[in-house]
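Undergrad: Data file final_31.txt (compact mmCIF, C-alpha atoms) is appended below.
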```
# COMPACT_ATOMS: atom_id res chain seq x y z
CA MET A 533 -31.22 16.31 10.95
CA PHE A 534 -32.03 13.92 8.13
CA ASP A 535 -30.18 16.21 5.78
CA TYR A 536 -26.97 14.64 7.09
CA PHE A 537 -27.93 11.33 5.54
CA ASN A 538 -28.43 12.83 2.14
CA PRO A 539 -26.21 10.88 -0.32
CA TYR A 540 -25.02 14.06 -2.06
CA ARG A 541 -23.89 15.54 1.23
CA ILE A 542 -22.13 12.32 2.20
CA PHE A 543 -20.43 12.30 -1.19
CA LYS A 544 -19.03 15.79 -0.61
CA ILE A 545 -17.82 15.13 2.93
CA ASN A 546 -16.36 11.85 1.74
CA SER A 547 -14.34 13.53 -1.02
CA THR A 548 -12.68 15.97 1.40
CA LEU A 549 -12.07 13.18 3.89
CA GLN A 550 -10.29 11.14 1.20
CA LYS A 551 -7.68 13.85 0.74
CA ILE A 552 -6.99 14.07 4.47
CA VAL A 553 -6.76 10.29 4.86
CA PHE A 554 -4.45 10.01 1.84
CA PHE A 555 -2.16 12.68 3.29
CA CYS A 556 -2.03 10.91 6.69
CA PHE A 557 -1.46 7.55 5.01
CA ILE A 558 1.60 8.77 3.07
CA ILE A 559 3.15 10.30 6.21
CA VAL A 560 2.50 7.29 8.47
CA LEU A 561 3.65 4.84 5.80
CA SER A 562 6.91 6.73 5.24
CA ILE A 563 7.68 6.77 8.98
CA GLY A 564 6.67 3.11 9.25
CA LEU A 565 8.89 2.00 6.36
CA VAL A 566 11.92 3.89 7.67
CA GLU A 567 11.38 2.35 11.12
CA ALA A 568 10.82 -1.14 9.72
CA LEU A 569 13.62 -1.21 7.14
CA PHE A 570 16.37 0.89 8.73
CA LEU A 571 15.90 1.91 12.34
CA SER A 572 14.65 -1.31 13.92
CA PRO A 573 17.21 -3.98 14.91
CA GLU A 574 17.60 -7.34 13.21
CA ASP A 575 16.43 -10.48 14.97
CA TYR A 576 18.92 -12.67 16.88
CA LEU A 577 17.83 -15.74 14.94
CA GLN A 578 16.15 -14.69 11.70
CA LYS A 579 18.48 -11.73 11.00
CA ASP A 580 16.96 -9.36 8.44
CA SER A 581 14.05 -11.56 7.39
CA VAL A 582 12.27 -10.39 10.56
CA ARG A 583 11.46 -7.22 8.59
CA ILE A 584 8.94 -9.20 6.55
CA MET A 585 6.92 -9.45 9.77
CA TYR A 586 6.24 -5.69 9.70
CA VAL A 587 4.18 -6.20 6.55
CA HIS A 588 2.90 -9.72 7.19
CA VAL A 589 1.42 -9.29 10.66
CA PRO A 590 -0.39 -5.94 10.11
CA ALA A 591 -1.79 -7.26 6.79
CA ALA A 592 -3.12 -10.38 8.52
CA TRP A 593 -4.64 -8.36 11.38
CA ILE A 594 -6.39 -5.93 9.05
CA SER A 595 -7.71 -8.68 6.76
CA LEU A 596 -9.23 -10.48 9.77
CA GLY A 597 -10.58 -7.24 11.19
CA ILE A 598 -12.25 -6.26 7.94
CA PHE A 599 -13.87 -9.67 7.46
CA SER A 600 -15.19 -9.61 11.03
CA THR A 601 -16.68 -6.19 10.37
CA ILE A 602 -18.25 -7.36 7.10
CA ALA A 603 -19.72 -10.40 8.87
CA LEU A 604 -21.14 -8.28 11.68
CA LEU A 605 -22.66 -5.81 9.21
CA SER A 606 -24.10 -8.65 7.11
CA PHE A 607 -25.71 -10.10 10.21
CA SER A 608 -27.22 -6.70 10.93
CA VAL A 609 -28.48 -6.51 7.34
CA PHE A 610 -30.84 -9.39 8.04
CA VAL A 611 -31.90 -7.99 11.39
CA PHE A 612 -32.41 -4.32 10.51
CA LYS A 613 -32.99 -4.61 6.74
CA ASN A 614 -30.78 -1.58 6.14
CA LYS A 615 -29.37 -1.38 2.61
CA ASN A 616 -26.69 1.10 3.57
CA LEU A 617 -24.99 -1.60 5.65
CA ILE A 618 -24.56 -3.70 2.50
CA LEU A 619 -23.03 -0.74 0.72
CA ILE A 620 -20.57 -0.28 3.59
CA SER A 621 -19.53 -3.94 3.72
CA LYS A 622 -19.25 -4.12 -0.07
CA SER A 623 -16.91 -1.13 0.00
CA LEU A 624 -14.78 -2.67 2.77
CA ALA A 625 -14.13 -5.93 0.94
CA PRO A 626 -11.54 -4.88 -1.71
CA SER A 627 -8.88 -3.78 0.79
CA GLY A 628 -9.67 -6.86 2.87
CA ILE A 629 -8.94 -9.27 0.03
CA LEU A 630 -5.80 -7.31 -0.87
CA PHE A 631 -4.39 -7.62 2.66
CA THR A 632 -5.27 -11.33 2.82
CA LEU A 633 -3.25 -11.84 -0.34
CA ILE A 634 -0.36 -9.75 1.02
CA ALA A 635 -0.36 -11.79 4.25
CA LEU A 636 -0.28 -15.08 2.30
CA VAL A 637 2.48 -13.97 -0.09
CA THR A 638 4.74 -12.35 2.51
CA GLY A 639 4.24 -15.37 4.78
CA SER A 640 5.39 -17.60 1.96
CA ILE A 641 8.46 -15.44 1.30
CA TRP A 642 9.30 -15.54 5.02
CA GLY A 643 8.68 -19.27 5.24
CA LYS A 644 11.31 -20.23 2.69
CA PRO A 645 14.38 -18.90 4.55
CA THR A 646 12.99 -19.63 8.02
CA TRP A 647 11.15 -22.93 7.84
CA GLY A 648 12.71 -24.20 4.66
CA THR A 649 9.47 -24.37 2.68
CA TRP A 650 7.25 -21.95 0.74
CA TRP A 651 4.03 -23.58 1.79
CA ALA A 652 2.75 -25.99 4.43
CA TRP A 653 -0.78 -27.32 4.75
CA ASP A 654 -0.98 -26.54 8.43
CA ALA A 655 -4.16 -25.30 10.09
CA ARG A 656 -3.21 -21.59 10.25
CA ILE A 657 -2.08 -21.28 6.65
CA THR A 658 -4.93 -23.36 5.24
CA SER A 659 -7.60 -21.44 7.16
CA MET A 660 -6.06 -18.18 5.92
CA LEU A 661 -6.33 -19.48 2.35
CA ILE A 662 -9.98 -20.29 3.03
CA LEU A 663 -10.46 -16.68 4.17
CA PHE A 664 -9.10 -15.60 0.79
CA PHE A 665 -11.67 -17.84 -0.94
CA PHE A 666 -14.47 -16.37 1.18
CA TYR A 667 -13.43 -12.84 0.20
CA THR A 668 -13.39 -13.93 -3.45
CA LEU A 669 -16.84 -15.50 -3.20
CA TYR A 670 -18.17 -12.46 -1.38
CA LEU A 671 -16.95 -10.05 -4.05
CA LEU A 672 -18.03 -12.32 -6.91
CA SER A 673 -21.57 -12.63 -5.56
CA PHE A 674 -22.17 -8.95 -6.37
CA ARG A 675 -21.18 -9.49 -9.98
CA ILE A 676 -22.78 -12.85 -10.72
CA PHE A 677 -26.34 -12.13 -9.66
CA GLU A 678 -28.13 -9.54 -11.76
CA ASP A 679 -30.98 -9.06 -9.36
CA GLN A 680 -29.79 -6.69 -6.64
CA ASP A 681 -31.98 -7.98 -3.83
CA ARG A 682 -30.75 -11.45 -4.54
CA SER A 683 -27.05 -10.58 -4.69
CA ASN A 684 -27.40 -8.61 -1.44
CA LYS A 685 -28.90 -11.60 0.30
CA ILE A 686 -26.41 -14.14 -1.01
CA SER A 687 -23.37 -12.01 -0.29
CA SER A 688 -24.52 -11.47 3.29
CA ILE A 689 -25.04 -15.19 3.77
CA ILE A 690 -21.51 -15.85 2.46
CA ALA A 691 -20.10 -13.31 4.92
CA ILE A 692 -21.97 -14.88 7.86
CA PHE A 693 -20.76 -18.36 6.89
CA GLY A 694 -17.22 -17.03 6.53
CA ALA A 695 -17.35 -15.57 10.03
CA ILE A 696 -17.02 -19.11 11.44
CA ASN A 697 -13.57 -19.24 9.86
CA ILE A 698 -12.35 -16.21 11.82
CA PRO A 699 -12.02 -17.83 15.28
CA ILE A 700 -10.54 -20.90 13.56
CA ILE A 701 -7.78 -18.74 12.05
CA LYS A 702 -7.17 -16.98 15.35
CA PHE A 703 -7.02 -20.06 17.57
CA SER A 704 -5.69 -22.66 15.10
CA VAL A 705 -2.17 -22.20 16.50
CA ASP A 706 -3.39 -22.91 20.04
CA TRP A 707 -5.76 -25.80 19.28
CA TRP A 708 -3.56 -27.88 17.01
CA ASN A 709 0.11 -28.52 16.26
CA THR A 710 0.98 -26.10 13.48
CA LEU A 711 4.17 -25.11 11.76
CA HIS A 712 3.13 -21.49 12.21
CA GLN A 713 4.22 -20.03 15.55
CA PRO A 714 1.60 -19.07 18.16
CA ALA A 715 0.60 -15.44 18.70
CA SER A 716 3.34 -13.17 20.05
CA ILE A 717 1.02 -10.40 21.14
CA SER A 718 -2.04 -10.77 23.33
CA LEU A 719 -4.11 -8.36 25.36
CA THR A 720 -3.46 -10.08 28.65
CA GLU A 721 0.16 -11.19 28.48
CA LYS A 722 3.49 -9.48 27.95
CA SER A 723 4.48 -9.24 24.30
CA ALA A 724 6.96 -11.84 23.04
CA ILE A 725 8.21 -9.28 20.56
CA HIS A 726 10.87 -6.93 21.91
CA SER A 727 9.70 -3.32 22.33
CA SER A 728 12.19 -2.02 19.73
CA MET A 729 10.44 -4.23 17.17
CA LEU A 730 6.94 -3.30 18.34
CA VAL A 731 7.35 0.33 17.24
CA PRO A 732 7.49 -0.35 13.47
CA LEU A 733 4.81 -3.02 13.86
CA VAL A 734 2.35 -0.58 15.39
CA ILE A 735 3.14 2.20 12.88
CA MET A 736 2.78 -0.16 9.92
CA THR A 737 -0.56 -1.38 11.30
CA ALA A 738 -1.74 2.24 11.49
CA ALA A 739 -0.56 2.83 7.90
CA PHE A 740 -2.40 -0.23 6.59
CA ALA A 741 -5.54 0.73 8.52
CA LEU A 742 -5.43 4.20 6.93
CA PHE A 743 -5.01 2.61 3.51
CA SER A 744 -8.10 0.47 4.12
CA VAL A 745 -10.08 3.55 5.15
CA LEU A 746 -8.93 5.34 2.00
CA ILE A 747 -9.95 2.48 -0.31
CA PHE A 748 -13.23 2.18 1.60
CA LEU A 749 -14.07 5.86 1.11
CA MET A 750 -13.22 5.72 -2.61
CA LYS A 751 -15.28 2.56 -3.13
CA TYR A 752 -18.20 3.96 -1.14
CA ASN A 753 -18.28 7.06 -3.30
CA THR A 754 -18.28 4.90 -6.41
CA GLU A 755 -21.32 3.09 -5.07
CA LEU A 756 -23.03 6.43 -4.42
CA ILE A 757 -22.35 7.47 -8.02
CA LYS A 758 -23.89 4.19 -9.22
CA ILE A 759 -27.01 4.92 -7.18
CA LYS A 760 -27.16 8.46 -8.56
CA ASN A 761 -26.95 7.13 -12.10
CA LYS A 762 -29.95 4.96 -11.40
CA GLY A 763 -31.81 8.13 -10.48
CA LEU A 764 -32.59 7.20 -6.90
CA LYS A 765 -32.83 10.06 -4.44
CA ARG A 766 -31.99 7.96 -1.37
CA LEU A 767 -30.10 4.83 -0.42
CA MET B 611 -36.65 -0.23 21.68
CA TYR B 612 -36.65 -2.32 18.51
CA GLY B 613 -39.78 -3.81 17.07
CA LYS B 614 -40.92 -7.34 17.75
CA LYS B 615 -39.99 -8.47 14.25
CA VAL B 616 -36.43 -7.17 14.53
CA LYS B 617 -35.97 -8.99 17.82
CA LEU B 618 -37.37 -12.20 16.38
CA ARG B 619 -35.07 -12.04 13.33
CA PHE B 620 -32.10 -11.40 15.60
CA LEU B 621 -32.90 -14.42 17.77
CA PHE B 622 -33.54 -16.68 14.80
CA LEU B 623 -30.27 -15.72 13.07
CA SER B 624 -28.29 -16.10 16.29
CA LEU B 625 -29.72 -19.56 16.70
CA ILE B 626 -28.75 -20.57 13.15
CA LEU B 627 -25.25 -19.23 13.69
CA ALA B 628 -24.88 -21.09 16.98
CA VAL B 629 -25.92 -24.37 15.36
CA LEU B 630 -23.50 -23.77 12.47
CA ILE B 631 -20.59 -23.08 14.81
CA LEU B 632 -21.37 -26.18 16.82
CA THR B 633 -21.48 -28.31 13.66
CA ILE B 634 -18.17 -27.00 12.36
CA PHE B 635 -16.61 -27.45 15.79
CA LEU B 636 -17.71 -31.09 15.98
CA VAL B 637 -16.55 -31.79 12.43
CA LEU B 638 -13.11 -30.34 13.16
CA LYS B 639 -12.96 -32.23 16.43
CA SER B 640 -13.54 -35.52 14.66
CA LEU B 641 -11.03 -34.64 11.95
CA GLU B 642 -8.39 -33.75 14.51
CA ASP B 643 -5.90 -36.33 13.21
CA ASN B 644 -5.85 -34.62 9.84
CA VAL B 645 -5.82 -31.07 11.14
CA VAL B 646 -2.62 -31.40 13.16
CA TYR B 647 0.48 -30.69 11.09
CA PHE B 648 2.80 -32.92 13.08
CA ILE B 649 2.73 -35.35 15.99
CA SER B 650 5.06 -35.53 18.98
CA PRO B 651 7.49 -38.38 19.78
CA THR B 652 5.11 -39.35 22.61
CA ASP B 653 2.29 -39.68 20.09
CA ILE B 654 4.49 -42.06 18.07
CA LYS B 655 5.03 -44.21 21.16
CA GLU B 656 1.31 -44.33 21.80
CA LEU B 657 0.41 -45.04 18.18
CA GLY B 658 -1.69 -48.21 17.96
CA GLU B 659 -0.15 -49.56 14.80
CA ILE B 660 2.59 -48.11 12.64
CA ASP B 661 2.06 -47.89 8.91
CA TYR B 662 5.54 -48.30 7.45
CA ASP B 663 4.47 -47.10 4.00
CA LYS B 664 3.02 -43.85 5.31
CA LYS B 665 4.89 -40.62 5.82
CA TYR B 666 4.78 -39.25 9.32
CA ARG B 667 5.60 -35.74 10.45
CA VAL B 668 7.22 -35.63 13.86
CA GLY B 669 7.77 -32.32 15.63
CA GLY B 670 9.51 -31.24 18.80
CA MET B 671 12.79 -29.79 19.98
CA VAL B 672 16.24 -30.82 18.76
CA LYS B 673 17.91 -32.36 21.81
CA LYS B 674 21.02 -30.62 23.11
CA ASN B 675 24.31 -32.23 21.99
CA SER B 676 22.47 -34.78 19.87
CA VAL B 677 23.35 -33.45 16.41
CA SER B 678 26.10 -35.33 14.59
CA MET B 679 26.99 -34.56 11.01
CA SER B 680 28.95 -36.63 8.55
CA SER B 681 29.75 -35.82 4.92
CA ASN B 682 26.23 -36.26 3.57
CA GLN B 683 24.14 -37.24 6.51
CA ILE B 684 22.87 -35.68 9.69
CA ASN B 685 21.64 -37.49 12.79
CA PHE B 686 19.81 -35.90 15.68
CA ILE B 687 17.20 -36.58 18.33
CA ILE B 688 13.78 -34.94 18.52
CA THR B 689 12.44 -34.65 22.03
CA ASP B 690 9.20 -33.39 23.55
CA LEU B 691 10.81 -33.64 27.01
CA LYS B 692 8.84 -36.85 27.64
CA SER B 693 9.86 -39.14 24.79
CA GLU B 694 12.56 -39.06 22.14
CA ILE B 695 13.00 -40.23 18.59
CA SER B 696 16.18 -40.50 16.52
CA VAL B 697 16.19 -38.97 13.06
CA LYS B 698 18.43 -39.61 10.09
CA PHE B 699 18.42 -37.17 7.20
CA SER B 700 20.49 -36.33 4.17
CA GLY B 701 19.84 -33.16 2.26
CA VAL B 702 19.57 -29.43 2.76
CA ILE B 703 18.78 -28.34 6.29
CA PRO B 704 17.08 -24.96 6.83
CA ASN B 705 19.14 -22.07 8.23
CA LEU B 706 17.27 -21.92 11.49
CA PHE B 707 17.86 -25.57 12.32
CA SER B 708 19.84 -25.75 15.56
CA GLU B 709 19.95 -27.49 18.92
CA GLU B 710 17.21 -26.68 21.42
CA LYS B 711 15.05 -25.15 18.66
CA GLY B 712 11.80 -26.40 17.19
CA VAL B 713 11.91 -28.80 14.25
CA VAL B 714 9.51 -30.82 12.12
CA ALA B 715 10.85 -33.93 10.36
CA GLU B 716 8.87 -35.76 7.67
CA GLY B 717 9.60 -39.29 6.57
CA PHE B 718 9.09 -43.02 7.07
CA LEU B 719 9.29 -44.70 10.44
CA LYS B 720 11.70 -47.59 10.82
CA ASP B 721 10.39 -48.36 14.26
CA ARG B 722 9.00 -46.35 17.17
CA ASN B 723 12.42 -44.89 17.93
CA PHE B 724 13.77 -44.15 14.47
CA LEU B 725 12.62 -41.89 11.65
CA ASN B 726 14.15 -41.88 8.20
CA ALA B 727 13.47 -38.25 7.27
CA SER B 728 13.07 -37.01 3.71
CA LYS B 729 12.32 -33.42 4.66
CA ILE B 730 13.32 -31.19 7.56
CA LEU B 731 11.55 -27.96 8.48
CA ALA B 732 12.69 -25.56 11.17
CA LYS B 733 9.98 -24.25 13.46
CA HIS B 734 10.24 -20.69 14.66
CA ASP B 735 8.88 -19.75 18.08
CA GLU B 736 6.92 -16.60 18.94
CA ASN B 737 9.91 -14.72 20.39
CA TYR B 738 11.44 -11.83 18.49
CA MET B 739 14.35 -9.81 19.90
CA PRO B 740 17.57 -8.07 18.86
CA PRO B 741 20.87 -9.98 19.33
CA GLU B 742 21.95 -7.71 22.23
CA VAL B 743 18.85 -8.60 24.21
CA LYS B 744 19.42 -12.30 23.57
CA GLU B 745 22.98 -11.93 24.88
CA ALA B 746 21.75 -10.12 27.96
CA LEU B 747 19.20 -12.84 28.63
CA LYS B 748 21.91 -15.50 28.55
CA ASP B 749 23.86 -13.96 31.41
```
As structure tokens, please, write out the structure in this file.

TA:
Amino acid sequence: MFDYFNPYRIFKINSTLQKIVFFCFIIVLSIGLVEALFLSPEDYLQKDSVRIMYVHVPAAWISLGIFSTIALLSFSVFVFKNKNLILISKSLAPSGILFTLIALVTGSIWGKPTWGTWWAWDARITSMLILFFFYTLYLLSFRIFEDQDRSNKISSIIAIFGAINIPIIKFSVDWWNTLHQPASISLTEKSAIHSSMLVPLVIMTAAFALFSVLIFLMKYNTELIKIKNKGLKRL
Amino acid sequence: MYGKKVKLRFLFLSLILAVLILTIFLVLKSLEDNVVYFISPTDIKELGEIDYDKKYRVGGMVKKNSVSMSSNQINFIITDLKSEISVKFSGVIPNLFSEEKGVVAEGFLKDRNFLNASKILAKHDENYMPPEVKEALKD
């Protein structure tokens, strides 16, 4: 039973999994891009700039999802004292910061033709920028502190602190007047996005999620190699 | 199931997190005036004292049939369906600016009913649909 948790075994399974995930990612992304750029209709008001949404919204969702996961895992690190959880959250962070950046940049590109400005210091956009800083701090903490126990502790604390920002990002558009529009999709209400535009949105979200999984698996294997080089037989 | 120590750590951490969230919430609550991106025409009416050297951002809907354009100037009324404020602006207006759509105007107040805008931003709502659907909704 415990053989399944052997790092060498995980490494092998992981390598095969990477190929499968990469294959799926390419297929889903191709379908998603065709849907988003050619097959889906233009918006009645924004015309073609609505297509930016198919990158912006999935990127924002995934970046929030990944940070929430990291925060939850970091919380568990203190409770269960499991080092593997740190390894998992550390491996999740790179794709998270990438999607945060994509969400910020595409939002800015969309903002210029729609709102008439590249940037506005409203609550949604500012809190998203703060999320980017938290990701940066989180990733830096592993590099700055030489002592591993110390860097593990500090990074987890940063993630837990950053978790407070997550509900602020989510609900900023409901709590305060913002330039950013409120959420179009919720679990309880009917979507404010027409169904023909939901198709590419969902496919692109799946593609981005697969990409995150791929980067996670690659990063996790790198961490395993690092551990192997240190000559440790277990995590 | 879990040991006593694990449970204790879980409780302690949850408590810290709860206190942190409460603190942040109260801080944001007290900073509310700075967190909002714009205020409504009603807020302007209820403003205690107007600072004429301060830029205000007023947001709401462009009133129907209120837009009048001359060679280098545009006048319109922002409404929040309770109060209204007239806006004067000269410059580039964003593409999405139109009647009965959201707008944010930034500039100096002349009085409680008049804003001299130096910047106009169009606000987009949460609705996305193809032109055909919009046409069908109109009928």

Undergrad: So which residues are close to (-0.8, -29.6, 9.5), meaning at most 9 Å away in the file's coordinates with only C-alpha atoms counted, and can you show them as a PyMOL selection string?

TA: (chain A and resi 652-658+708-711) or (chain B and resi 644-648+667)

Undergrad: Please produce a file of the residues just selected, as a short mmCIF file (atom, residue, chain, number, x, y, z; two decimals), in the coordinates of the input, where the atoms kept are C-alpha atoms.

TA:
```
data_model
loop_
_atom_site.label_atom_id
_atom_site.label_comp_id
_atom_site.auth_asym_id
_atom_site.auth_seq_id
_atom_site.Cartn_x
_atom_site.Cartn_y
_atom_site.Cartn_z
CA ALA A 652 2.75 -25.99 4.43
CA TRP A 653 -0.78 -27.32 4.75
CA ASP A 654 -0.98 -26.54 8.43
CA ALA A 655 -4.16 -25.30 10.09
CA ARG A 656 -3.21 -21.59 10.25
CA ILE A 657 -2.08 -21.28 6.65
CA THR A 658 -4.93 -23.36 5.24
CA TRP A 708 -3.56 -27.88 17.01
CA ASN A 709 0.11 -28.52 16.26
CA THR A 710 0.98 -26.10 13.48
CA LEU A 711 4.17 -25.11 11.76
CA ASN B 644 -5.85 -34.62 9.84
CA VAL B 645 -5.82 -31.07 11.14
CA VAL B 646 -2.62 -31.40 13.16
CA TYR B 647 0.48 -30.69 11.09
CA PHE B 648 2.80 -32.92 13.08
CA ARG B 667 5.60 -35.74 10.45
#
```

Undergrad: Fewer than 3 positions away in the same chain doesn't count, so skip those; otherwise give me all residues within 8 Å of A:Asn684, counting all atoms listed in the file, as an MDAnalysis selection string.

TA: chainID A and resid 618 674 680:681 687:688

Undergrad: Dump as an MDAnalysis selection string the residues of chain B that approach chain A to within 10 Å, counting only C-alpha atoms.

TA: chainID B and resid 612:613 615:624 627:628 630:632 634:635 638 642:650 669 702:707 712:714 729:745

Undergrad: Separation of atom CA of B:Thr689 and atom CA of B:Glu710, in Å?

TA: 9.3 Å

Undergrad: Leaving out A:Ile563 and any residue of its chain fewer than 5 positions from it, which residues lie within 9 Å of it when counting only C-alpha atoms, given as a ChimeraX atom specification?

TA: /A:558,568,732,735-736

Undergrad: For a quick check of your reading of the model, name the residues lying within 12 Å of the coordinate (-25.9, -8.5, -5.5), counting all atoms listed in the file, and write them as number ranges by chain.

TA: A: 615, 618-619, 622, 669-690

Undergrad: For stretch 759-761 of chain A, find every residue with an atom within 12 Å (counting only C-alpha atoms), except residues of its own chain fewer than 5 positions away, and show them as JSON, numbers by chain.

TA: {"A": [538, 539, 540, 543, 615, 616, 619, 680, 752, 753, 754, 766, 767]}

Undergrad: Keeping C-alpha atoms for every residue in the selection just given, could you write it to a file as a CSV table (one decimal), in the coordinates of the input?

TA:
```csv
chain,number,residue,atom,x,y,z
A,538,ASN,CA,-28.4,12.8,2.1
A,539,PRO,CA,-26.2,10.9,-0.3
A,540,TYR,CA,-25.0,14.1,-2.1
A,543,PHE,CA,-20.4,12.3,-1.2
A,615,LYS,CA,-29.4,-1.4,2.6
A,616,ASN,CA,-26.7,1.1,3.6
A,619,LEU,CA,-23.0,-0.7,0.7
A,680,GLN,CA,-29.8,-6.7,-6.6
A,752,TYR,CA,-18.2,4.0,-1.1
A,753,ASN,CA,-18.3,7.1,-3.3
A,754,THR,CA,-18.3,4.9,-6.4
A,766,ARG,CA,-32.0,8.0,-1.4
A,767,LEU,CA,-30.1,4.8,-0.4
```

Undergrad: Report the distance between atom CA of B:Gly670 and atom CA of A:Leu636 in Å, rounded to one decimal place.

TA: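 Going from atom CA of B:Gly670 over to atom CA of A:Leu636, I get 25.1 Å.
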
Undergrad: Just the number, please: distance in Å from atom CA of A:Leu617 to atom CA of A:Pro699, one decimal.

TA: 22.9 Å

Undergrad: Using all atoms listed in the file, pick whichever of B:Leu747, B:Ile654, B:Leu641, B:Ile660 has the shortest atom-to-atom distance to B:Ser693.

TA: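 Selected residue with least distance to B:Ser693: B:Ile654.
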
Undergrad: Got a sec: who's within 9 Å of A:Ala625, counting only C-alpha atoms, leaving out chain neighbours fewer than 4 positions off, as number ranges by chain?

TA: A: 598-599, 602, 620-621, 629-630, 667, 670-671, 748

Undergrad: Grab all the atoms of stretch 708-726 of chain A that the file lists, wrap them in a box along x, y and z, add 5 Å per side, and give me centre plus edge lengths in Å (one decimal) as lines of an AutoDock Vina configuration file.

TA:
```
center_x = 3.4
center_y = -17.7
center_z = 20.2
size_x = 25.0
size_y = 31.6
size_z = 26.9
```

Undergrad: Residues near B:Ser680, anyone? I mean within 12 Å using only C-alpha atoms, not counting same-chain ones fewer than 6 positions away, as a PyMOL selection string.

TA: chain B and resi 686+698-701

Undergrad: Atoms are missing here; could stretch 662-675 of chain B be completed with N, CA and C atoms and written as an mmCIF file, keeping the file's coordinate frame?

TA:
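Generated output (result.cif):
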```cif
data_model
loop_
_atom_site.group_PDB
_atom_site.id
_atom_site.type_symbol
_atom_site.label_atom_id
_atom_site.label_comp_id
_atom_site.auth_asym_id
_atom_site.auth_seq_id
_atom_site.Cartn_x
_atom_site.Cartn_y
_atom_site.Cartn_z
ATOM 1 N N TYR B 662 4.162 -48.559 7.895
ATOM 2 C CA TYR B 662 5.540 -48.300 7.450
ATOM 3 C C TYR B 662 5.611 -47.710 6.043
ATOM 4 N N ASP B 663 4.476 -47.678 5.343
ATOM 5 C CA ASP B 663 4.470 -47.100 4.000
ATOM 6 C C ASP B 663 3.885 -45.686 4.007
ATOM 7 N N LYS B 664 3.626 -45.176 5.200
ATOM 8 C CA LYS B 664 3.020 -43.850 5.310
ATOM 9 C C LYS B 664 4.035 -42.864 5.852
ATOM 10 N N LYS B 665 3.990 -41.659 5.309
ATOM 11 C CA LYS B 665 4.890 -40.620 5.820
ATOM 12 C C LYS B 665 4.329 -40.025 7.093
ATOM 13 N N TYR B 666 5.178 -39.888 8.082
ATOM 14 C CA TYR B 666 4.780 -39.250 9.320
ATOM 15 C C TYR B 666 5.533 -37.934 9.478
ATOM 16 N N ARG B 667 4.890 -36.975 10.107
ATOM 17 C CA ARG B 667 5.600 -35.740 10.450
ATOM 18 C C ARG B 667 5.736 -35.673 11.960
ATOM 19 N N VAL B 668 6.963 -35.666 12.429
ATOM 20 C CA VAL B 668 7.220 -35.630 13.860
ATOM 21 C C VAL B 668 7.817 -34.275 14.211
ATOM 22 N N GLY B 669 7.269 -33.638 15.247
ATOM 23 C CA GLY B 669 7.770 -32.320 15.630
ATOM 24 C C GLY B 669 8.160 -32.282 17.096
ATOM 25 N N GLY B 670 9.077 -31.404 17.418
ATOM 26 C CA GLY B 670 9.510 -31.240 18.800
ATOM 27 C C GLY B 670 10.741 -30.370 18.822
ATOM 28 N N MET B 671 11.592 -30.590 19.841
ATOM 29 C CA MET B 671 12.790 -29.790 19.980
ATOM 30 C C MET B 671 14.000 -30.668 19.659
ATOM 31 N N VAL B 672 15.000 -30.079 19.005
ATOM 32 C CA VAL B 672 16.240 -30.820 18.760
ATOM 33 C C VAL B 672 16.983 -30.917 20.090
ATOM 34 N N LYS B 673 17.287 -32.159 20.504
ATOM 35 C CA LYS B 673 17.910 -32.360 21.810
ATOM 36 C C LYS B 673 19.325 -31.778 21.834
ATOM 37 N N LYS B 674 19.700 -31.220 22.963
ATOM 38 C CA LYS B 674 21.020 -30.620 23.110
ATOM 39 C C LYS B 674 22.117 -31.682 22.958
ATOM 40 N N ASN B 675 23.168 -31.348 22.221
ATOM 41 C CA ASN B 675 24.310 -32.230 21.990
ATOM 42 C C ASN B 675 23.950 -33.539 21.290
#
```
